[in-house]
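Note: the block below is coords-v4.cif and it holds mmCIF, C-alpha atoms.
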data_query
loop_
_atom_site.label_atom_id
_atom_site.label_comp_id
_atom_site.auth_asym_id
_atom_site.auth_seq_id
_atom_site.Cartn_x
_atom_site.Cartn_y
_atom_site.Cartn_z
CA MET A 1495 0.00 0.00 0.00
CA THR A 1496 1.37 3.43 -0.86
CA GLY A 1497 2.12 5.96 1.88
CA ARG A 1498 -0.70 8.24 0.74
CA ALA A 1499 -3.33 5.46 0.73
CA LYS A 1500 -2.15 4.43 4.18
CA THR A 1501 -2.55 7.99 5.47
CA VAL A 1502 -6.07 8.26 3.98
CA GLY A 1503 -7.02 4.95 5.61
CA GLN A 1504 -5.74 6.14 8.98
CA VAL A 1505 -7.64 9.44 8.66
CA ILE A 1506 -10.87 7.54 7.85
CA ALA A 1507 -10.37 5.21 10.82
CA VAL A 1508 -9.70 8.11 13.22
CA ALA A 1509 -12.72 10.01 11.84
CA ALA A 1510 -14.92 6.94 12.39
CA VAL A 1511 -13.75 6.59 16.01
CA VAL A 1512 -14.25 10.31 16.68
CA GLY A 1513 -17.75 10.10 15.13
CA LEU A 1514 -18.69 7.21 17.41
CA LEU A 1515 -17.38 9.08 20.46
CA VAL A 1516 -19.43 12.16 19.51
CA LEU A 1517 -22.54 9.95 19.18
CA LEU A 1518 -21.86 8.41 22.60
CA GLY A 1519 -21.42 11.87 24.15
CA TRP A 1520 -24.63 13.12 22.54
CA LYS A 1521 -26.52 10.10 23.83
CA LEU A 1522 -25.17 10.59 27.35
CA ALA A 1523 -25.89 14.32 27.31
CA PHE A 1524 -29.30 14.37 25.64
CA GLY A 1525 -30.52 10.78 25.83
CA SER A 1526 -33.70 10.09 27.75
CA ASP A 1527 -32.80 6.83 29.41
CA GLY A 1528 -34.83 7.23 32.56
CA GLY A 1529 -36.61 10.46 31.68
CA ALA A 1530 -38.16 12.82 34.20
CA SER A 1531 -39.47 9.87 36.18
CA ALA A 1532 -35.91 8.69 37.00
CA GLU A 1533 -34.88 12.22 37.99
CA LEU A 1534 -37.87 12.42 40.30
CA ALA A 1535 -37.04 9.04 41.84
CA GLY A 1536 -33.48 10.31 42.41
CA GLY A 1537 -34.82 13.07 44.66
CA GLY A 1538 -35.04 15.84 42.08
CA SER A 1539 -38.00 17.93 41.05
CA PRO A 1540 -37.64 17.97 37.27
CA VAL A 1541 -39.33 20.41 34.95
CA ALA A 1542 -42.17 18.58 33.22
CA PRO A 1543 -41.12 17.88 29.59
CA ASP A 1544 -43.05 20.05 27.18
CA PHE A 1545 -45.00 18.75 24.18
CA THR A 1546 -47.61 19.84 21.68
CA LEU A 1547 -50.12 17.18 20.64
CA PRO A 1548 -53.56 17.09 19.00
CA ARG A 1549 -56.56 16.90 21.31
CA ILE A 1550 -59.02 14.07 20.82
CA ASP A 1551 -61.57 15.37 23.29
CA ALA A 1552 -64.58 17.44 22.27
CA GLU A 1553 -62.54 20.67 22.30
CA GLY A 1554 -60.23 19.68 19.41
CA GLY A 1555 -57.15 21.58 18.21
CA ASP A 1556 -53.67 21.22 19.68
CA LEU A 1557 -52.57 21.41 23.29
CA THR A 1558 -49.14 22.60 24.39
CA PHE A 1559 -48.27 21.37 27.85
CA SER A 1560 -46.40 24.54 28.85
CA SER A 1561 -49.60 26.55 28.22
CA LEU A 1562 -50.94 24.98 31.43
CA LYS A 1563 -48.31 26.73 33.55
CA GLY A 1564 -49.96 28.32 36.55
CA LYS A 1565 -52.29 25.37 36.98
CA ALA A 1566 -51.77 22.15 38.91
CA VAL A 1567 -51.81 19.24 36.46
CA VAL A 1568 -52.43 15.53 36.94
CA VAL A 1569 -50.91 13.93 33.83
CA ASN A 1570 -52.27 10.48 33.13
CA PHE A 1571 -50.70 8.29 30.41
CA TRP A 1572 -53.14 5.66 29.22
CA ALA A 1573 -54.37 3.58 26.26
CA SER A 1574 -57.82 2.23 25.48
CA TRP A 1575 -56.53 -1.36 25.32
CA CYS A 1576 -55.19 -1.18 28.88
CA VAL A 1577 -57.50 -2.74 31.47
CA PRO A 1578 -56.39 -0.75 34.58
CA CYS A 1579 -56.84 2.43 32.52
CA LYS A 1580 -60.54 1.62 32.31
CA ASP A 1581 -60.74 0.96 36.03
CA GLU A 1582 -59.19 4.29 37.02
CA ALA A 1583 -60.98 6.51 34.47
CA PRO A 1584 -63.96 7.32 36.76
CA GLU A 1585 -61.57 8.31 39.59
CA LEU A 1586 -59.66 10.71 37.31
CA GLN A 1587 -62.92 12.28 36.14
CA ALA A 1588 -64.04 12.66 39.77
CA THR A 1589 -60.71 14.32 40.63
CA TYR A 1590 -61.14 16.80 37.77
CA GLU A 1591 -64.65 17.70 38.85
CA LYS A 1592 -63.64 18.05 42.51
CA TYR A 1593 -60.53 20.22 42.05
CA ARG A 1594 -60.98 22.14 38.79
CA ASP A 1595 -62.25 25.20 40.65
CA GLN A 1596 -58.97 25.26 42.56
CA GLY A 1597 -57.03 25.42 39.30
CA LEU A 1598 -56.30 21.72 38.80
CA VAL A 1599 -56.40 20.12 35.36
CA VAL A 1600 -56.38 16.41 34.64
CA LEU A 1601 -54.62 15.83 31.31
CA GLY A 1602 -54.94 12.46 29.60
CA VAL A 1603 -52.24 11.34 27.15
CA ASP A 1604 -53.58 8.51 25.01
CA ALA A 1605 -50.40 6.79 23.81
CA LYS A 1606 -49.70 3.90 21.41
CA ASP A 1607 -53.35 3.69 20.61
CA PHE A 1608 -55.75 4.25 17.72
CA ARG A 1609 -57.26 7.75 17.80
CA GLN A 1610 -60.75 6.39 17.21
CA ASP A 1611 -60.37 3.93 20.11
CA GLY A 1612 -59.28 6.81 22.34
CA LYS A 1613 -62.30 8.86 21.34
CA ARG A 1614 -64.62 5.94 22.05
CA PHE A 1615 -62.96 5.54 25.47
CA ILE A 1616 -63.55 9.22 26.27
CA LYS A 1617 -67.21 8.90 25.31
CA ARG A 1618 -67.71 5.62 27.16
CA PHE A 1619 -66.36 6.99 30.46
CA GLY A 1620 -67.78 10.48 30.04
CA LEU A 1621 -64.39 12.20 30.38
CA THR A 1622 -64.60 15.98 30.23
CA TYR A 1623 -60.94 16.77 30.91
CA PRO A 1624 -58.50 17.42 28.03
CA VAL A 1625 -57.04 14.37 26.32
CA VAL A 1626 -54.29 14.41 23.68
CA ASP A 1627 -53.30 11.75 21.17
CA ASP A 1628 -49.72 10.43 21.25
CA GLY A 1629 -50.04 7.36 19.05
CA ARG A 1630 -46.31 7.47 18.29
CA GLY A 1631 -45.42 7.53 21.99
CA SER A 1632 -43.19 10.58 21.48
CA THR A 1633 -43.64 11.78 25.08
CA LEU A 1634 -42.98 8.47 26.84
CA GLY A 1635 -39.16 8.54 26.82
CA LYS A 1636 -38.89 12.14 28.05
CA TRP A 1637 -41.35 11.55 30.87
CA GLY A 1638 -39.90 8.13 31.67
CA VAL A 1639 -43.17 6.26 31.27
CA ARG A 1640 -42.61 2.51 31.49
CA GLY A 1641 -46.14 1.16 31.23
CA PHE A 1642 -49.80 2.08 31.26
CA PRO A 1643 -51.33 3.67 33.12
CA GLU A 1644 -48.89 6.03 34.81
CA THR A 1645 -49.82 9.25 36.59
CA PHE A 1646 -47.62 12.28 37.29
CA PHE A 1647 -48.32 15.40 39.36
CA VAL A 1648 -47.09 18.79 38.11
CA ASP A 1649 -47.19 21.91 40.27
CA ARG A 1650 -48.09 25.43 39.17
CA GLU A 1651 -44.44 26.17 38.37
CA GLY A 1652 -44.33 23.30 35.89
CA ARG A 1653 -42.27 20.95 38.09
CA ILE A 1654 -43.06 17.30 38.66
CA VAL A 1655 -43.77 16.66 42.33
CA GLY A 1656 -44.79 13.78 44.60
CA GLU A 1657 -44.45 10.21 43.39
CA VAL A 1658 -45.29 8.72 40.03
CA ILE A 1659 -48.16 6.29 40.35
CA GLU A 1660 -47.38 3.27 38.21
CA GLY A 1661 -50.47 1.21 37.50
CA GLY A 1662 -54.04 2.17 38.06
CA ILE A 1663 -55.20 4.64 40.66
CA ASP A 1664 -56.75 2.45 43.27
CA LEU A 1665 -58.20 4.05 46.35
CA GLU A 1666 -57.38 0.99 48.44
CA ARG A 1667 -53.80 0.64 47.21
CA ASN A 1668 -52.42 4.11 46.58
CA SER A 1669 -55.02 6.63 47.72
CA GLU A 1670 -52.58 8.32 50.09
CA ARG A 1671 -49.91 8.82 47.40
CA TYR A 1672 -52.57 10.06 45.01
CA ALA A 1673 -53.95 12.57 47.52
CA GLU A 1674 -50.42 13.69 48.40
CA GLY A 1675 -49.58 14.22 44.73
CA ILE A 1676 -52.66 16.39 44.25
CA ARG A 1677 -51.88 18.37 47.42
CA LEU A 1678 -48.30 19.04 46.27
CA ALA A 1679 -49.40 19.97 42.76
CA LEU A 1680 -51.91 22.46 44.12
CA GLY A 1681 -49.26 23.89 46.39
CA ASP A 1682 -51.46 23.27 49.36
CA SER A 1683 -49.44 23.75 52.56
CA LYS A 1684 -51.99 22.00 54.76
CA MET B 417 -40.49 -23.11 -30.15
CA SER B 418 -39.39 -19.53 -29.62
CA ARG B 419 -43.00 -18.34 -29.99
CA LEU B 420 -44.05 -20.82 -27.30
CA LEU B 421 -41.35 -19.51 -24.97
CA ILE B 422 -42.40 -15.91 -25.57
CA ALA B 423 -46.03 -16.82 -24.90
CA LEU B 424 -45.04 -18.59 -21.68
CA ALA B 425 -42.98 -15.62 -20.51
CA ALA B 426 -45.83 -13.23 -21.27
CA ALA B 427 -48.25 -15.46 -19.34
CA LEU B 428 -45.89 -15.50 -16.36
CA VAL B 429 -45.54 -11.71 -16.39
CA LEU B 430 -49.32 -11.28 -16.57
CA ALA B 431 -49.86 -13.78 -13.73
CA ALA B 432 -47.27 -12.02 -11.56
CA SER B 433 -48.82 -8.61 -12.14
CA ALA B 434 -52.28 -10.02 -11.44
CA LEU B 435 -51.03 -11.43 -8.14
CA ALA B 436 -49.34 -8.14 -7.22
CA ALA B 437 -52.54 -6.21 -7.86
CA GLY B 438 -54.59 -8.64 -5.76
CA PRO B 439 -55.92 -7.90 -2.29
CA PRO B 440 -53.35 -7.71 0.52
CA VAL B 441 -52.78 -10.85 2.55
CA GLN B 442 -53.35 -10.56 6.31
CA ALA B 443 -50.38 -12.82 7.16
CA ASP B 444 -48.03 -10.78 4.94
CA LEU B 445 -49.02 -7.51 6.59
CA GLU B 446 -48.72 -9.02 10.07
CA ALA B 447 -45.13 -9.95 9.20
CA GLU B 448 -44.38 -6.43 7.94
CA ILE B 449 -45.85 -4.44 10.84
CA VAL B 450 -44.27 -4.10 14.29
CA CYS B 451 -46.22 -4.04 17.54
CA PRO B 452 -45.49 -0.59 19.07
CA THR B 453 -45.30 -1.85 22.64
CA CYS B 454 -43.37 -5.13 22.29
CA LYS B 455 -41.30 -4.31 19.15
CA THR B 456 -41.85 -7.69 17.48
CA THR B 457 -43.85 -8.19 14.31
CA LEU B 458 -47.59 -8.60 14.79
CA ASP B 459 -47.49 -12.27 13.79
CA GLN B 460 -45.28 -12.94 16.81
CA SER B 461 -47.19 -10.89 19.34
CA ASN B 462 -50.35 -11.28 21.37
CA ALA B 463 -50.00 -7.94 23.17
CA PRO B 464 -53.35 -6.11 23.43
CA ILE B 465 -52.35 -3.43 20.91
CA ALA B 466 -51.02 -6.10 18.52
CA VAL B 467 -54.33 -7.96 18.68
CA ARG B 468 -56.15 -4.68 18.05
CA MET B 469 -53.89 -3.89 15.06
CA LYS B 470 -54.55 -7.33 13.56
CA THR B 471 -58.28 -6.64 13.80
CA TYR B 472 -57.75 -3.23 12.20
CA ILE B 473 -55.81 -4.79 9.31
CA ARG B 474 -58.54 -7.41 8.80
CA ASP B 475 -61.19 -4.67 8.71
CA ARG B 476 -59.25 -2.53 6.25
CA ILE B 477 -58.62 -5.50 3.93
CA ALA B 478 -62.35 -6.23 4.02
CA ALA B 479 -63.00 -2.57 3.21
CA GLY B 480 -60.85 -2.92 0.07
CA ASP B 481 -57.76 -0.96 1.11
CA SER B 482 -54.45 -1.84 -0.52
CA SER B 483 -51.39 -2.97 1.41
CA ALA B 484 -49.74 0.43 0.89
CA GLU B 485 -52.84 2.26 2.14
CA ILE B 486 -53.06 0.14 5.29
CA LYS B 487 -49.35 0.66 6.03
CA SER B 488 -49.73 4.39 5.45
CA GLN B 489 -52.65 4.57 7.91
CA LEU B 490 -50.67 2.68 10.55
CA VAL B 491 -47.60 4.90 10.03
CA ASP B 492 -49.83 7.98 10.37
CA GLN B 493 -51.12 6.66 13.71
CA PHE B 494 -48.04 5.02 15.23
CA GLY B 495 -45.10 6.53 13.32
CA PRO B 496 -42.60 5.01 10.86
CA GLY B 497 -41.23 2.70 13.57
CA VAL B 498 -44.28 0.53 13.02
CA LEU B 499 -42.81 -0.74 9.73
CA ALA B 500 -40.57 -3.81 10.06
CA GLU B 501 -38.56 -2.58 7.05
CA PRO B 502 -37.72 1.11 6.66
CA PRO B 503 -39.26 2.73 3.56
CA LYS B 504 -37.01 2.99 0.49
CA ARG B 505 -37.15 6.79 0.30
CA GLY B 506 -35.84 9.91 2.02
CA PHE B 507 -33.54 9.53 5.01
CA ASP B 508 -34.68 5.91 5.55
CA LEU B 509 -33.14 5.04 2.19
CA LEU B 510 -29.79 5.20 4.00
CA ALA B 511 -30.69 2.02 5.89
CA TRP B 512 -30.74 0.23 2.52
CA LEU B 513 -27.85 2.04 0.84
CA LEU B 514 -25.30 2.04 3.67
CA PRO B 515 -24.84 -1.77 3.81
CA LEU B 516 -24.52 -1.87 0.00
CA GLY B 517 -22.07 1.04 0.14
CA ALA B 518 -20.07 -0.74 2.85
CA VAL B 519 -19.87 -3.89 0.71
CA ALA B 520 -18.79 -1.83 -2.33
CA VAL B 521 -16.12 0.05 -0.33
CA GLY B 522 -14.94 -3.26 1.15
CA ALA B 523 -14.65 -4.77 -2.34
CA VAL B 524 -12.65 -1.77 -3.59
CA VAL B 525 -10.32 -1.92 -0.57
CA VAL B 526 -9.77 -5.68 -0.97
CA GLY B 527 -9.15 -5.20 -4.72
CA ALA B 528 -6.68 -2.37 -4.11
CA LEU B 529 -4.86 -4.46 -1.51
CA ALA B 530 -4.74 -7.46 -3.85
CA VAL B 531 -3.24 -5.33 -6.66
CA THR B 532 -0.71 -3.76 -4.28
CA TRP B 533 0.37 -7.11 -2.86
CA SER B 534 0.55 -8.62 -6.34
CA LYS B 535 2.81 -5.77 -7.58
CA ARG B 536 5.01 -6.05 -4.51
CA ARG B 537 5.40 -9.81 -5.02
CA ASN B 538 6.29 -9.37 -8.71
CA ALA B 539 8.84 -6.75 -7.77
CA THR B 540 10.34 -9.13 -5.21
CA ASP B 541 10.48 -11.95 -7.79
CA ASP B 542 12.16 -9.66 -10.34
CA ALA B 543 14.60 -8.47 -7.75
CA SER B 544 15.50 -12.04 -6.82
CA VAL B 545 16.31 -12.80 -10.49
CA ASP B 546 18.34 -9.61 -10.88
CA ASP B 547 20.20 -10.24 -7.68
CA LEU B 548 21.43 -13.71 -8.78
CA ASP B 549 24.99 -14.29 -7.72
CA PRO B 550 27.26 -13.68 -10.83
CA GLU B 551 29.27 -16.77 -10.03
CA LEU B 552 26.10 -18.85 -9.84
CA GLU B 553 24.76 -17.24 -13.00
CA GLN B 554 27.97 -18.14 -14.88
CA ARG B 555 27.78 -21.69 -13.58
CA LEU B 556 24.16 -21.92 -14.67
CA ASP B 557 25.08 -20.71 -18.18
CA GLU B 558 27.83 -23.30 -18.40
CA GLU B 559 25.51 -26.05 -17.31
CA LEU B 560 22.90 -24.95 -19.85
CA ASP B 561 25.52 -24.81 -22.64
CA ARG B 562 26.71 -28.27 -21.74
CA PHE B 563 23.14 -29.54 -21.66
CA GLU B 564 22.37 -28.05 -25.08
CA ALA B 565 25.57 -29.42 -26.55
#
What does the file become when written as structure tokens?
Amino acid sequence: MTGRAKTVGQVIAVAAVVGLLVLLGWKLAFGSDGGASAELAGGGSPVAPDFTLPRIDAEGGDLTFSSLKGKAVVVNFWASWCVPCKDEAPELQATYEKYRDQGLVVLGVDAKDFRQDGKRFIKRFGLTYPVVDDGRGSTLGKWGVRGFPETFFVDREGRIVGEVIEGGIDLERNSERYAEGIRLALGDSK
Amino acid sequence: MSRLLIALAAALVLAASALAAGPPVQADLEAEIVCPTCKTTLDQSNAPIAVRMKTYIRDRIAAGDSSAEIKSQLVDQFGPGVLAEPPKRGFDLLAWLLPLGAVAVGAVVVGALAVTWSKRRNATDDASVDDLDPELEQRLDEELDRFEA
């Protein structure tokens, strides 16, 4: 091999290694391995990841999460094919009706689901709170959602507070954590 | 004979195009679509969303949709990750071209190395002939002369 060809080969090899290192660094810096959920579990109070998604409730249009700043938000990730999601739907609706006057919003994120199935679900359970469609699951990594349903509590400053409730909201199993999450989101000092 | 062959070829082409234009096959689509929660193809999954997607595909086939239309609807709902094979266009085309490019580059490199090594070996062989000991060369000539005589 000539000296020039050898040099070109070495440059290509070094460039490939540098490229891989840059990719690794990018993944470590911006990757969403555990998402906000992992940060919360580590004792932090992460800013809730923003998103803009189409609404599938009666209101229609798009909803940008950051537009809810100033309100307490209960963010519920669900899908119509998930059985515990059906069980907890009436409880979420009751929460919305009970606390909406205090500035609390329940926000449903229907993920990895058919839009039409999500709309049928909303109708079947008489949900009146906003629900967005995330069929592609674009929010799941950033929030750190590992299964359905999962419920997060976001305070008026847009920070995730309390504990993430993995699995359905069940008044016998996790009512205290649920109530605590709502209290923290509302900023209630009682 | 040649007319018979041409007729046979034409019949085969027509049959192939007729098959291609036929209704999509459920099993084929289930092997080409990925379950968004378990990341395996639908034919290997019984996850709730996979079961629902199989029902959707069955309904769309019954409604007369083509394979491309059904895939397009599923991509619109679940994103391009729902396709087991990336589409052969746009950025996804890279997934098809890069392996071919790597093979081509590999072939060029191997070829270049083979030529280089071959030249080096020839040069070594030539050098070994040129570098023959004069005394030995003279002896060889004498032996050859004696042999020819």
Exercise. Given a cut-off of 10 Å, which residues of chain A touch chain B, counting all atoms listed in the file, written out as a list in words?
Worked result: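 Result: Met1495, Thr1496, Ala1499, Gly1503, Ala1573, Ser1574, Trp1575, Cys1576, Val1577, Ala1605, Lys1606, Asp1607, Phe1608, Arg1609, Asp1611, Asp1627, Asp1628, Gly1629, Arg1630, Gly1631, Ser1632 and Gly1641 of chain A.
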Using the chain letters and numbers from the file, which residues does the PyMOL selection byres ((chain A and resi 1562) around 12) grab, as a PDB file with C-alpha atoms, in the coordinates of the input?
ATOM      1  CA  ALA A1542     -42.170  18.580  33.220  1.00  0.00           C
ATOM      2  CA  ASP A1544     -43.050  20.050  27.180  1.00  0.00           C
ATOM      3  CA  PHE A1545     -45.000  18.750  24.180  1.00  0.00           C
ATOM      4  CA  THR A1546     -47.610  19.840  21.680  1.00  0.00           C
ATOM      5  CA  LEU A1557     -52.570  21.410  23.290  1.00  0.00           C
ATOM      6  CA  THR A1558     -49.140  22.600  24.390  1.00  0.00           C
ATOM      7  CA  PHE A1559     -48.270  21.370  27.850  1.00  0.00           C
ATOM      8  CA  SER A1560     -46.400  24.540  28.850  1.00  0.00           C
ATOM      9  CA  SER A1561     -49.600  26.550  28.220  1.00  0.00           C
ATOM     10  CA  LYS A1563     -48.310  26.730  33.550  1.00  0.00           C
ATOM     11  CA  GLY A1564     -49.960  28.320  36.550  1.00  0.00           C
ATOM     12  CA  LYS A1565     -52.290  25.370  36.980  1.00  0.00           C
ATOM     13  CA  ALA A1566     -51.770  22.150  38.910  1.00  0.00           C
ATOM     14  CA  VAL A1567     -51.810  19.240  36.460  1.00  0.00           C
ATOM     15  CA  VAL A1568     -52.430  15.530  36.940  1.00  0.00           C
ATOM     16  CA  VAL A1569     -50.910  13.930  33.830  1.00  0.00           C
ATOM     17  CA  GLY A1597     -57.030  25.420  39.300  1.00  0.00           C
ATOM     18  CA  LEU A1598     -56.300  21.720  38.800  1.00  0.00           C
ATOM     19  CA  VAL A1599     -56.400  20.120  35.360  1.00  0.00           C
ATOM     20  CA  VAL A1600     -56.380  16.410  34.640  1.00  0.00           C
ATOM     21  CA  LEU A1601     -54.620  15.830  31.310  1.00  0.00           C
ATOM     22  CA  PRO A1624     -58.500  17.420  28.030  1.00  0.00           C
ATOM     23  CA  VAL A1648     -47.090  18.790  38.110  1.00  0.00           C
ATOM     24  CA  ASP A1649     -47.190  21.910  40.270  1.00  0.00           C
ATOM     25  CA  ARG A1650     -48.090  25.430  39.170  1.00  0.00           C
ATOM     26  CA  GLU A1651     -44.440  26.170  38.370  1.00  0.00           C
ATOM     27  CA  GLY A1652     -44.330  23.300  35.890  1.00  0.00           C
ATOM     28  CA  ARG A1653     -42.270  20.950  38.090  1.00  0.00           C
TER      29      ARG A1653
END
For this session: Measure the distance from CA of Glu553 (chain B) to CA of Ser534 (chain B) in Å and round it to one decimal.
Result: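 It comes out at 26.5 Å.
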For this session: Anything within 12 Å of (-48.4, 4.3, 37.6): list those residues as a PyMOL selection string, counting only C-alpha atoms and sticking to the file's coordinates.
Result: chain A and resi 1531+1568-1572+1578-1579+1582+1638-1647+1657-1664+1667-1668+1671-1672
Exercise. Distance CA of Arg1594 (chain A)-CA of Gly1681 (chain A), one decimal place?
Worked result: 14.1 Å
Problem set entry | Radius query 12 Å about (-65.2, 5.3, 38.0), atoms used: only C-alpha atoms, as a VMD selection string | chain A and resid 1578 to 1589 1618 to 1621 1662 to 1665
Name the residues that the PyMOL selection byres ((chain A and resi 1637) around 7) pulls out of this structure, and write them as a short mmCIF file (atom, residue, chain, number, x, y, z; two decimals) with C-alpha atoms, in the frame of the given file.
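Output (result02.cif):
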data_model
loop_
_atom_site.label_atom_id
_atom_site.label_comp_id
_atom_site.auth_asym_id
_atom_site.auth_seq_id
_atom_site.Cartn_x
_atom_site.Cartn_y
_atom_site.Cartn_z
CA GLY A 1529 -36.61 10.46 31.68
CA ALA A 1530 -38.16 12.82 34.20
CA SER A 1531 -39.47 9.87 36.18
CA PRO A 1543 -41.12 17.88 29.59
CA THR A 1633 -43.64 11.78 25.08
CA LEU A 1634 -42.98 8.47 26.84
CA GLY A 1635 -39.16 8.54 26.82
CA LYS A 1636 -38.89 12.14 28.05
CA GLY A 1638 -39.90 8.13 31.67
CA VAL A 1639 -43.17 6.26 31.27
#
Exercise. Residues at most 12 Å from Val441 (chain B), counting only C-alpha atoms, excluding those fewer than 2 positions away in the same chain, as a VMD selection string?
Worked result: chain B and resid 435 to 439 443 to 448 470 473 to 474 476 to 478 480 to 484 486
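Distance-wise, CA of Ile1654 (chain A) and CA of Leu1534 (chain A) end up 7.3 Å apart.
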Exercise. Between B:Lys487, B:Lys504, B:Arg562, B:Arg555, which is the closest to Ile449 (chain B) once you count all atoms listed in the file?
Worked result: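 For Ile449 (chain B), the nearest of the given residues is B:Lys487.
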For Pro502 (chain B), list every protein, DNA or RNA residue within 9 Å, evaluated using only C-alpha atoms, and leave out those in the same chain fewer than 6 positions away; present the list as an mmCIF file with C-alpha atoms, in the coordinates of the input.
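Saved result, out39.cif, follows:
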data_model
loop_
_atom_site.group_PDB
_atom_site.id
_atom_site.type_symbol
_atom_site.label_atom_id
_atom_site.label_comp_id
_atom_site.auth_asym_id
_atom_site.auth_seq_id
_atom_site.Cartn_x
_atom_site.Cartn_y
_atom_site.Cartn_z
ATOM 1 C CA PRO B 496 -42.600 5.010 10.860
ATOM 2 C CA ASP B 508 -34.680 5.910 5.550
ATOM 3 C CA LEU B 509 -33.140 5.040 2.190
ATOM 4 C CA ALA B 511 -30.690 2.020 5.890
ATOM 5 C CA TRP B 512 -30.740 0.230 2.520
#
